[in-house]
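Please read the structure below before turning to the comments.
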Amino acid sequence: MSDDASAANDLRITRAIVGALRERDLPGHAIWQWLGPVHGARGGLSEANLYPTLHRLEAAGLLESSWCEGERTRRTYRITGFGLREAESHGWGTVAPGRTRGEGAPRGEGAPRGEGAPRGSGDDESGWSWHSEVEAMAATADAAVPDAAVPDALDDGRGNIVEVGPTKAYLDEFEGSLRLSSVYRQDARNEIGDHIADGATQRRSEGIGSREAVAEAIAALGPANELAAGINTAQLTAKRLHHGTQWASAEATLAAFGALAVTWGILVALTPAVLWAVAHLGAALGLHLYAPNVGELHTEDLGIAGCVGAFVGARRSMPALARKSRQAEAVVWKRWALLGAPPLALLALLVPANLDPLSTATLVAIPLAWVAGTKAPVAPAGEILSARGVLLAATLALALLAMPGVRVWAFQPAQDLAPASPFTAVQDVAVRWAGDPTGAYWRVTITLPPASGWHDARLEIRPARRAGVLIAPDPAGQPTLVASGGFVNFAALSGSQADWWAAVSAIGSDGLRHTIAADVRLGHSPHFHGSLLQWLIHIL
């Protein structure tokens, strides 16, 4: 069929459906009874194409549908105000009394038909014609468009019809082929199930056996996957996708920034506590651990908060996107992932930070967390979270909180520091540094335990080197700096040295000098300060 012929046929179908609905709301099978071959309507509409057409007109704004209570809950269609205005502007017959321009029947209720309201009859420019039997029924409103559209006996047999093997298999295949979100997918299944039940009941009333009636009702709708494909095309419009993207963007922004702020606040508060706990736990186990509180660690906090925010924003926005666009999450998640990941990746590249491999990894993971948030496991309709998902999130959160331990280094103060004094651990040794942090001179005060017998304390600072998880003092040569009190010139310490080994020595009751305390202090950071993009340009 040429494009012009197809457009003309679509117009004829649209006019016919609008004509069928202009006086009252009807379910799909009642619309087919009015337009289909039972009542002599001619044109390019087949029973298999009825529901894709109804959904297409609904997406275009000419019709709207709702589930209405009656003899049983049914999905009914009605003309919108826009549809009525279109009908008038194109001369599609006279709008019946009770439905004026821009108005329709109340949602979910059939509008009363006006007495003597004219129906289109005979041949007209639409290409549709109603034969004499339809014209004869026009005088009897309830016969032309029955209120219930089905006999009372259907209430007793409808459930059995949709649950019999052939019908259930057809509906399962149909639902599995739909690309709609869960709510609309279930609506479509119920609607098609109603149509099959109505069609089978009608055929049974004509004397056809139950099995043959069900088979004919199913066959009239055509292959299940083709029917689903037609409804997919009608429902999943670009306008709905754009509308869904707008709603989801707002939802994602609010959820992401909220989760980021909360997570960052928690991490900023917890990180010092975690560092303190790691160091003291090591001491309780006889391990000498040092947990540095450095800029890279705070960059990591920001990266972790960004990952949580991106994941929560994506996960929270997916239901809004699916609901507004009508697309199933399993279908639309790839598009949403590709839309959200590039801006987050650009943000991770440009944010200024203190970078080492671990903090860099947390920044790079932000767009990946967004992608992971968009890919939700299949869950029952309406569920956002699952027990499995909550458990996974809790495990991930605990792992992230333990990340500061990666920067915990072990050192051995009992190591022989030739030519340093032998190590003897003494509790409650305090070293205080006071002065202008921007200046070179600091006052060092060493406090020894009272009545301990130790005296003549001094501070010895040596270069240290990293060997795996260990920080070991450089045993070669003399200390770089020795201070026994007063102001000390720390400018003597090289700015290129990464780590320093600080030890306190004192003379004991045996008259010999011992190393009684040791610690590690970071000097110049070997890590990169700036954005990830600058770092990439730097190494390239």
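Just so we're on the same page: first chain in the structure tokens is A, next is B, and so on; residues restart at 1 for each chain, and ligands are numbered from 1 in the order they show up.
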
Exercise for review: Can you list, as a VMD selection string, all residues belonging to region 192-335 of chain A that DSSP tags as alpha helix (DSSP H)?
Suggested key: chain A and resid 192 to 205 210 to 220 224 to 235 238 to 284 295 to 325 329 to 335

Review point. Which polymer residues have any atom within 9 Å of an atom of Asn225 (chain A), counting only C-alpha atoms, with same-chain residues fewer than 4 positions away left out, as a ChimeraX atom specification?
Key: /A:173-178,229-230

Exercise for review: Extract, using only C-alpha atoms, all DNA, RNA and protein residues at most 10 Å from Ala341 (chain A), discarding same-chain residues fewer than 2 positions from it, and format them as a list in words.
Suggested key: Ala310, Ala314, Trp336, Ala337, Leu338, Leu339, Pro343, Leu344, Ala345, Leu346, Leu347, Ile366, Pro367, Leu368, Ala369, Trp370 and Val371 of chain A

Create the file for the chosen residues now, containing N, CA and C atoms and written as a PDB file, in the first residue's frame.
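The file below, result-v4.pdb, is the result:
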```pdb
ATOM      1  N   ALA A 310      25.382   8.672  42.498  1.00  0.00           N
ATOM      2  CA  ALA A 310      25.077   8.288  41.117  1.00  0.00           C
ATOM      3  C   ALA A 310      24.220   7.031  41.077  1.00  0.00           C
ATOM      4  N   ALA A 314      20.318   7.046  39.796  1.00  0.00           N
ATOM      5  CA  ALA A 314      19.904   6.221  38.663  1.00  0.00           C
ATOM      6  C   ALA A 314      18.793   5.259  39.057  1.00  0.00           C
ATOM      7  N   TRP A 336      19.152   5.258  29.180  1.00  0.00           N
ATOM      8  CA  TRP A 336      19.338   6.086  30.365  1.00  0.00           C
ATOM      9  C   TRP A 336      20.782   6.035  30.839  1.00  0.00           C
ATOM     10  N   ALA A 337      21.414   4.866  30.739  1.00  0.00           N
ATOM     11  CA  ALA A 337      22.817   4.736  31.126  1.00  0.00           C
ATOM     12  C   ALA A 337      23.707   5.587  30.222  1.00  0.00           C
ATOM     13  N   LEU A 338      23.428   5.577  28.923  1.00  0.00           N
ATOM     14  CA  LEU A 338      24.241   6.344  27.974  1.00  0.00           C
ATOM     15  C   LEU A 338      24.003   7.846  28.104  1.00  0.00           C
ATOM     16  N   LEU A 339      22.814   8.235  28.567  1.00  0.00           N
ATOM     17  CA  LEU A 339      22.547   9.657  28.753  1.00  0.00           C
ATOM     18  C   LEU A 339      23.223  10.200  30.015  1.00  0.00           C
ATOM     19  N   PRO A 343      28.035  12.865  31.283  1.00  0.00           N
ATOM     20  CA  PRO A 343      28.221  14.049  32.139  1.00  0.00           C
ATOM     21  C   PRO A 343      28.942  13.734  33.445  1.00  0.00           C
ATOM     22  N   LEU A 344      28.656  12.590  34.032  1.00  0.00           N
ATOM     23  CA  LEU A 344      29.335  12.210  35.276  1.00  0.00           C
ATOM     24  C   LEU A 344      30.806  11.925  35.032  1.00  0.00           C
ATOM     25  N   ALA A 345      31.108  11.312  33.893  1.00  0.00           N
ATOM     26  CA  ALA A 345      32.513  11.062  33.562  1.00  0.00           C
ATOM     27  C   ALA A 345      33.267  12.374  33.364  1.00  0.00           C
ATOM     28  N   LEU A 346      32.614  13.355  32.714  1.00  0.00           N
ATOM     29  CA  LEU A 346      33.238  14.661  32.527  1.00  0.00           C
ATOM     30  C   LEU A 346      33.466  15.343  33.871  1.00  0.00           C
ATOM     31  N   LEU A 347      32.495  15.240  34.776  1.00  0.00           N
ATOM     32  CA  LEU A 347      32.653  15.820  36.110  1.00  0.00           C
ATOM     33  C   LEU A 347      33.821  15.171  36.845  1.00  0.00           C
ATOM     34  N   ILE A 366      32.436   6.648  39.406  1.00  0.00           N
ATOM     35  CA  ILE A 366      31.163   7.375  39.513  1.00  0.00           C
ATOM     36  C   ILE A 366      30.256   7.107  38.308  1.00  0.00           C
ATOM     37  N   PRO A 367      30.720   7.291  37.049  1.00  0.00           N
ATOM     38  CA  PRO A 367      29.819   6.973  35.931  1.00  0.00           C
ATOM     39  C   PRO A 367      29.473   5.488  35.855  1.00  0.00           C
ATOM     40  N   LEU A 368      30.396   4.621  36.303  1.00  0.00           N
ATOM     41  CA  LEU A 368      30.099   3.184  36.311  1.00  0.00           C
ATOM     42  C   LEU A 368      29.002   2.870  37.331  1.00  0.00           C
ATOM     43  N   ALA A 369      29.005   3.591  38.462  1.00  0.00           N
ATOM     44  CA  ALA A 369      27.948   3.403  39.460  1.00  0.00           C
ATOM     45  C   ALA A 369      26.592   3.817  38.886  1.00  0.00           C
ATOM     46  N   TRP A 370      26.581   4.860  38.059  1.00  0.00           N
ATOM     47  CA  TRP A 370      25.333   5.276  37.407  1.00  0.00           C
ATOM     48  C   TRP A 370      24.819   4.161  36.504  1.00  0.00           C
ATOM     49  N   VAL A 371      25.713   3.595  35.698  1.00  0.00           N
ATOM     50  CA  VAL A 371      25.309   2.509  34.799  1.00  0.00           C
ATOM     51  C   VAL A 371      24.772   1.329  35.601  1.00  0.00           C
TER      52      VAL A 371
END
```

If we count only C-alpha atoms and set the cut-off at 9 Å, which residues sit around Ile461 (chain A), ignoring sequence neighbours fewer than 2 positions away in its own chain? Please answer as a short mmCIF file (atom, residue, chain, number, x, y, z; two decimals) with C-alpha atoms, in the first residue's frame.
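So selection_24.cif came out as:
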```cif
data_model
loop_
_atom_site.label_atom_id
_atom_site.label_comp_id
_atom_site.auth_asym_id
_atom_site.auth_seq_id
_atom_site.Cartn_x
_atom_site.Cartn_y
_atom_site.Cartn_z
CA LEU A 459 63.80 13.98 69.10
CA PRO A 463 64.29 9.57 56.35
CA PRO A 479 69.56 11.51 61.87
CA THR A 480 68.63 14.40 59.60
CA LEU A 481 67.48 16.44 62.58
CA VAL A 482 68.05 16.14 66.32
CA ALA A 483 66.18 18.36 68.79
CA LEU A 493 64.08 18.55 56.30
CA TRP A 500 59.95 10.54 57.91
CA TRP A 501 60.72 8.33 60.87
CA ALA A 502 60.42 10.22 64.16
CA ALA A 503 61.87 8.67 67.32
CA VAL A 504 62.25 9.86 70.91
#
```

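The two atoms in question, CA of Leu63 (chain A) and CA of Tyr77 (chain A), are spaced 6.5 Å apart.
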
Check your understanding: Skipping near chain neighbours, those fewer than 3 positions away, what residues fall within 9 Å of region 180-182 of chain A using only C-alpha atoms, listed as a ChimeraX atom specification?
Key -> /A:185-187,232,235-236,319,322-323,325-331,380-382

Residue selection dump (N, CA and C atoms) as a CSV table (one decimal), in the first residue's frame:
```
chain,number,residue,atom,x,y,z
A,185,ARG,N,2.2,-3.2,30.8
A,185,ARG,CA,2.3,-4.6,30.3
A,185,ARG,C,1.1,-5.4,30.8
A,186,GLN,N,0.9,-5.3,32.1
A,186,GLN,CA,-0.2,-6.0,32.7
A,186,GLN,C,-1.5,-5.5,32.3
A,187,ASP,N,-1.7,-4.2,32.1
A,187,ASP,CA,-2.9,-3.7,31.6
A,187,ASP,C,-3.2,-4.2,30.2
A,232,ASN,N,3.5,-2.1,20.9
A,232,ASN,CA,4.8,-1.5,21.2
A,232,ASN,C,5.0,-0.2,20.4
A,235,GLN,N,2.5,2.5,21.5
A,235,GLN,CA,2.6,3.1,22.8
A,235,GLN,C,3.9,3.8,23.0
A,236,LEU,N,5.0,3.3,22.4
A,236,LEU,CA,6.4,3.8,22.7
A,236,LEU,C,6.7,5.0,21.8
A,319,PRO,N,12.2,4.1,37.8
A,319,PRO,CA,10.7,3.9,37.8
A,319,PRO,C,10.0,5.1,37.2
A,322,ALA,N,10.4,4.8,33.4
A,322,ALA,CA,9.6,3.7,32.8
A,322,ALA,C,8.1,4.1,32.9
A,323,ARG,N,7.7,4.7,34.0
A,323,ARG,CA,6.3,5.1,34.1
A,323,ARG,C,5.8,6.1,33.1
A,325,SER,N,7.5,7.2,30.3
A,325,SER,CA,7.8,6.8,28.9
A,325,SER,C,7.0,5.5,28.5
A,326,ARG,N,6.6,4.8,29.5
A,326,ARG,CA,5.8,3.5,29.3
A,326,ARG,C,6.8,2.4,28.8
A,327,GLN,N,8.0,2.6,28.8
A,327,GLN,CA,9.0,1.6,28.4
A,327,GLN,C,9.4,0.7,29.6
A,328,ALA,N,9.6,-0.5,29.4
A,328,ALA,CA,10.1,-1.4,30.4
A,328,ALA,C,11.5,-1.0,30.8
A,329,GLU,N,11.8,-1.1,32.1
A,329,GLU,CA,13.2,-0.8,32.6
A,329,GLU,C,14.2,-1.6,31.9
A,330,ALA,N,13.9,-2.9,31.6
A,330,ALA,CA,14.9,-3.7,30.9
A,330,ALA,C,15.2,-3.2,29.5
A,331,VAL,N,14.3,-2.4,28.9
A,331,VAL,CA,14.4,-1.9,27.6
A,331,VAL,C,15.1,-0.5,27.6
A,380,PRO,N,9.1,-7.7,40.9
A,380,PRO,CA,7.6,-7.6,40.7
A,380,PRO,C,7.2,-6.1,40.5
A,381,ALA,N,6.1,-5.9,39.9
A,381,ALA,CA,5.6,-4.5,39.6
A,381,ALA,C,5.6,-3.6,40.8
A,382,GLY,N,6.2,-2.4,40.6
A,382,GLY,CA,6.2,-1.4,41.6
A,382,GLY,C,7.3,-1.5,42.6
```

Check your understanding: So which residues touch Ile537 (chain A) within 12 Å, counting only C-alpha atoms, skipping near sequence neighbours fewer than 4 positions away, as an MDAnalysis selection string?
Key -> chainID A and resid 349 528 530:533

Residue subset to file, keeping C-alpha atoms, as a short mmCIF file (atom, residue, chain, number, x, y, z; two decimals), in the first residue's frame:
```
data_model
loop_
_atom_site.label_atom_id
_atom_site.label_comp_id
_atom_site.auth_asym_id
_atom_site.auth_seq_id
_atom_site.Cartn_x
_atom_site.Cartn_y
_atom_site.Cartn_z
CA LEU A 349 37.67 14.30 34.90
CA PHE A 528 49.31 14.33 41.94
CA GLY A 530 44.83 18.59 40.31
CA SER A 531 42.10 17.20 38.10
CA LEU A 532 42.17 13.74 36.60
CA LEU A 533 42.28 15.31 33.14
#
```

**Study point:** Cys307 (chain A) surroundings by only C-alpha atoms, 12 Å radius, close-in-sequence under 3 positions cut, as number ranges by chain
**Key:** A: 256-257, 259-261, 263-264, 300-304, 310-314, 341, 344-345, 348, 361-373, 393, 396-397, 400

How would the residues just chosen look if you wrote them out with C-alpha atoms as a compact mmCIF listing (two decimals), in the first residue's frame?
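This went into out39.txt:
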```txt
# COMPACT_ATOMS: atom_id res chain seq x y z
CA ALA A 256 21.72 11.89 43.59
CA PHE A 257 22.63 15.14 45.32
CA ALA A 259 22.47 10.77 48.66
CA LEU A 260 25.85 12.34 47.87
CA ALA A 261 25.52 14.96 50.61
CA THR A 263 27.09 9.92 52.30
CA TRP A 264 29.86 12.51 52.21
CA GLU A 300 38.36 9.07 48.11
CA ASP A 301 35.53 10.12 50.43
CA LEU A 302 34.24 12.42 47.70
CA GLY A 303 34.54 9.65 45.11
CA ILE A 304 32.67 7.17 47.30
CA ALA A 310 25.08 8.29 41.12
CA PHE A 311 23.78 4.81 41.94
CA VAL A 312 20.86 6.05 44.04
CA GLY A 313 19.97 8.73 41.49
CA ALA A 314 19.90 6.22 38.66
CA ALA A 341 27.24 8.39 32.28
CA LEU A 344 29.33 12.21 35.28
CA ALA A 345 32.51 11.06 33.56
CA ALA A 348 35.05 13.15 37.41
CA ALA A 361 39.57 4.67 41.05
CA THR A 362 36.70 6.07 43.15
CA LEU A 363 36.32 9.05 40.80
CA VAL A 364 36.40 6.87 37.71
CA ALA A 365 33.79 4.60 39.31
CA ILE A 366 31.16 7.38 39.51
CA PRO A 367 29.82 6.97 35.93
CA LEU A 368 30.10 3.18 36.31
CA ALA A 369 27.95 3.40 39.46
CA TRP A 370 25.33 5.28 37.41
CA VAL A 371 25.31 2.51 34.80
CA ALA A 372 24.98 -0.11 37.55
CA GLY A 373 22.06 1.82 39.05
CA ALA A 393 24.25 -2.42 49.01
CA LEU A 396 29.28 -2.56 49.43
CA ALA A 397 28.84 0.18 52.03
CA LEU A 400 33.77 1.30 51.22
```

**Study point:** Atom-to-atom span, CA of Leu254 (chain A) and CA of Gly340 (chain A), Å
**Key:**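 CA of Gly340 (chain A) lies 14.0 Å from CA of Leu254 (chain A).
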
Practice item. Could you give me the residues within region 178-401 of chain A that DSSP places in strand (DSSP E), as JSON, numbers by chain? Key: {"A": [289, 290, 352, 353, 354, 355]}
